[in-house]
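One file, structure.txt, carrying compact mmCIF, C-alpha atoms:
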```
# COMPACT_ATOMS: atom_id res chain seq x y z
CA MET A 1 109.42 94.60 81.00
CA TYR A 2 105.94 95.49 82.14
CA GLY A 3 103.73 98.55 82.20
CA ILE A 4 101.62 99.83 85.05
CA PHE A 5 98.36 101.58 84.37
CA THR A 6 96.03 102.86 87.05
CA PHE A 7 92.71 104.63 87.27
CA THR A 8 90.99 105.81 90.39
CA GLU A 9 88.36 108.36 91.24
CA PRO A 10 86.57 109.57 94.35
CA GLY A 11 83.67 107.33 95.27
CA GLY A 12 81.02 109.93 95.95
CA HIS A 13 83.34 112.17 97.96
CA ILE A 14 85.25 115.31 97.05
CA ASN A 15 88.68 113.80 97.75
CA ASN A 16 90.04 110.56 96.39
CA GLU A 17 91.52 108.53 99.24
CA ASP A 18 92.76 105.56 97.21
CA ALA A 19 96.44 104.60 97.09
CA PHE A 20 98.66 102.07 95.35
CA ALA A 21 102.29 100.99 95.37
CA VAL A 22 104.17 98.74 92.94
CA GLU A 23 107.83 97.70 93.03
CA SER A 24 109.92 95.06 91.36
CA HIS A 25 111.63 92.69 93.74
CA PRO A 26 115.37 93.48 93.87
CA ASP A 27 116.22 89.76 93.64
CA ASP A 28 113.95 89.05 90.65
CA SER A 29 112.71 91.81 88.35
CA SER A 30 109.91 89.55 87.08
CA CYS A 31 108.42 89.53 90.59
CA CYS A 32 106.26 92.59 91.30
CA ILE A 33 104.92 93.49 94.69
CA CYS A 34 101.61 95.33 94.37
CA ALA A 35 99.31 96.86 96.96
CA VAL A 36 96.05 98.75 96.45
CA ALA A 37 94.13 100.40 99.27
CA ASP A 38 90.81 102.18 99.42
CA GLY A 39 90.79 104.82 102.13
CA GLN A 40 87.47 104.99 103.92
CA GLY A 41 85.84 108.14 102.60
CA GLY A 42 83.75 110.35 104.77
CA ARG A 43 85.96 109.79 107.81
CA ALA A 44 89.18 111.57 108.71
CA GLY A 45 92.47 109.92 107.77
CA GLY A 46 91.39 107.54 105.02
CA ARG A 47 94.00 108.83 102.58
CA GLU A 48 96.78 108.54 105.16
CA ALA A 49 95.69 105.03 106.13
CA ALA A 50 95.66 103.88 102.48
CA GLN A 51 99.09 105.36 101.76
CA ILE A 52 100.66 103.85 104.88
CA ALA A 53 99.10 100.44 104.24
CA CYS A 54 100.43 100.31 100.67
CA ARG A 55 103.91 101.52 101.50
CA VAL A 56 104.41 99.24 104.52
CA THR A 57 103.03 96.24 102.64
CA VAL A 58 105.45 96.68 99.76
CA ASP A 59 108.42 97.54 101.98
CA THR A 60 107.79 94.53 104.23
CA ALA A 61 107.21 92.15 101.33
CA LEU A 62 110.50 93.20 99.75
CA LEU A 63 112.28 91.81 102.82
CA SER A 64 111.19 88.29 101.80
CA SER A 65 112.49 86.33 98.83
CA PRO A 66 110.20 85.81 95.82
CA LYS A 67 110.08 82.11 96.76
CA GLN A 68 108.85 82.99 100.26
CA LEU A 69 106.28 85.42 98.86
CA ALA A 70 104.80 82.67 96.70
CA ARG A 71 103.90 80.80 99.88
CA PRO A 72 100.59 81.99 101.41
CA PRO A 73 101.85 81.65 105.03
CA SER A 74 104.18 84.63 104.40
CA TRP A 75 101.37 87.09 103.90
CA PRO A 76 99.71 87.29 107.33
CA THR A 77 102.97 88.67 108.78
CA ILE A 78 103.28 91.22 105.96
CA LEU A 79 99.66 92.35 106.27
CA ARG A 80 99.92 92.49 110.06
CA ALA A 81 102.85 94.92 109.71
CA ALA A 82 100.70 97.16 107.50
CA ASP A 83 97.78 96.95 109.90
CA GLU A 84 99.99 97.84 112.87
CA ALA A 85 101.58 100.77 111.00
CA VAL A 86 98.13 102.21 110.24
CA ARG A 87 97.04 101.64 113.84
CA ASP A 88 100.15 103.38 115.19
CA GLU A 89 99.76 106.52 113.04
CA SER A 90 97.55 108.98 114.89
CA ASP A 91 96.45 110.76 111.67
CA ALA A 92 95.40 107.54 109.93
CA GLY A 93 91.79 106.49 109.66
CA PHE A 94 90.52 103.30 108.06
CA THR A 95 91.33 101.53 104.81
CA THR A 96 90.81 98.30 102.92
CA LEU A 97 94.01 96.76 101.53
CA VAL A 98 94.64 94.23 98.75
CA ALA A 99 98.19 93.02 98.11
```

Starting from the file, give its structure as structure tokens.
Amino acid sequence: MYGIFTFTEPGGHINNEDAFAVESHPDDSSCCICAVADGQGGRAGGREAAQIACRVTVDTALLSSPKQLARPPSWPTILRAADEAVRDESDAGFTTLVA
């Protein structure tokens, strides 16, 4: 069992545009998929971009086995899916993603 603790605050802006997503892998509960994104403040759509990037990253990663996820070559495809999802959403701005 594990615990998840988070803390985030707006970085000099009124609204906090950060997002995160964490899920256990259905094939191995000791494998957690985590994504953290910082929506670009001061521009429209940062919050939406961060939320989309986190959700798509986790959802796409969960399609791979834990063994596949441990191999670095798996991640460009996963991150590309997140990037494309943000690009395709007209309300999304910019974000920085770590997964």

**Study point:** Point-to-point distance in Å for CA of Ile52 in chain A and CA of Ala70 in chain A
**Key:**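 About the pair CA of Ala70 in chain A and CA of Ile52 in chain A: they are 23.1 Å apart.
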
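Residues in contact range of Ala37 in chain A, defined as at most 10 Å between all atoms listed in the file, with sequence neighbours fewer than 2 positions away removed, read Glu17, Asp18, Ala19, Phe20, Ala21, Ala35, Gly39, Gln40, Gly46, Arg47, Ala49, Ala50, Gln51, Ile52, Ala53, Cys54, Phe94, Thr95, Thr96, Leu97, Val98 and Ala99 of chain A.
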
Would you write out those residues with C-alpha atoms, as a JSON list (two decimals), keeping the file's coordinate frame?
```json
[["chain", "number", "residue", "atom", "x", "y", "z"],
["A", 17, "GLU", "CA", 91.52, 108.53, 99.24],
["A", 18, "ASP", "CA", 92.76, 105.56, 97.21],
["A", 19, "ALA", "CA", 96.44, 104.60, 97.09],
["A", 20, "PHE", "CA", 98.66, 102.07, 95.35],
["A", 21, "ALA", "CA", 102.29, 100.99, 95.37],
["A", 35, "ALA", "CA", 99.31, 96.86, 96.96],
["A", 39, "GLY", "CA", 90.79, 104.82, 102.13],
["A", 40, "GLN", "CA", 87.47, 104.99, 103.92],
["A", 46, "GLY", "CA", 91.39, 107.54, 105.02],
["A", 47, "ARG", "CA", 94.00, 108.83, 102.58],
["A", 49, "ALA", "CA", 95.69, 105.03, 106.13],
["A", 50, "ALA", "CA", 95.66, 103.88, 102.48],
["A", 51, "GLN", "CA", 99.09, 105.36, 101.76],
["A", 52, "ILE", "CA", 100.66, 103.85, 104.88],
["A", 53, "ALA", "CA", 99.10, 100.44, 104.24],
["A", 54, "CYS", "CA", 100.43, 100.31, 100.67],
["A", 94, "PHE", "CA", 90.52, 103.30, 108.06],
["A", 95, "THR", "CA", 91.33, 101.53, 104.81],
["A", 96, "THR", "CA", 90.81, 98.30, 102.92],
["A", 97, "LEU", "CA", 94.01, 96.76, 101.53],
["A", 98, "VAL", "CA", 94.64, 94.23, 98.75],
["A", 99, "ALA", "CA", 98.19, 93.02, 98.11]]
```

Check your understanding: Rounded to one decimal in Å, what is the spacing between CA of Leu79 in chain A and CA of Cys31 in chain A?
Key ->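 Separating CA of Leu79 in chain A from CA of Cys31 in chain A is a distance of 18.2 Å.
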
Check your understanding: CA of Cys32 in chain A and CA of Val58 in chain A, how far apart in Å?
Key ->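 Calculated distance between CA of Val58 in chain A and CA of Cys32 in chain A is 9.4 Å.
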
Review point. Which is closer to His13 in chain A than all the others in A:Ile33, A:Arg43, A:Thr60, A:Asp91, using only C-alpha atoms?
Key: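 When distances to His13 in chain A are compared using only C-alpha atoms, the smallest one comes from A:Arg43.
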
Revision key, fill the gap. Using only C-alpha atoms, the residue out of A:Gly93, A:Glu48, A:Asp28, A:Asp38 with shortest distance to Lys67 in chain A is A:Asp28
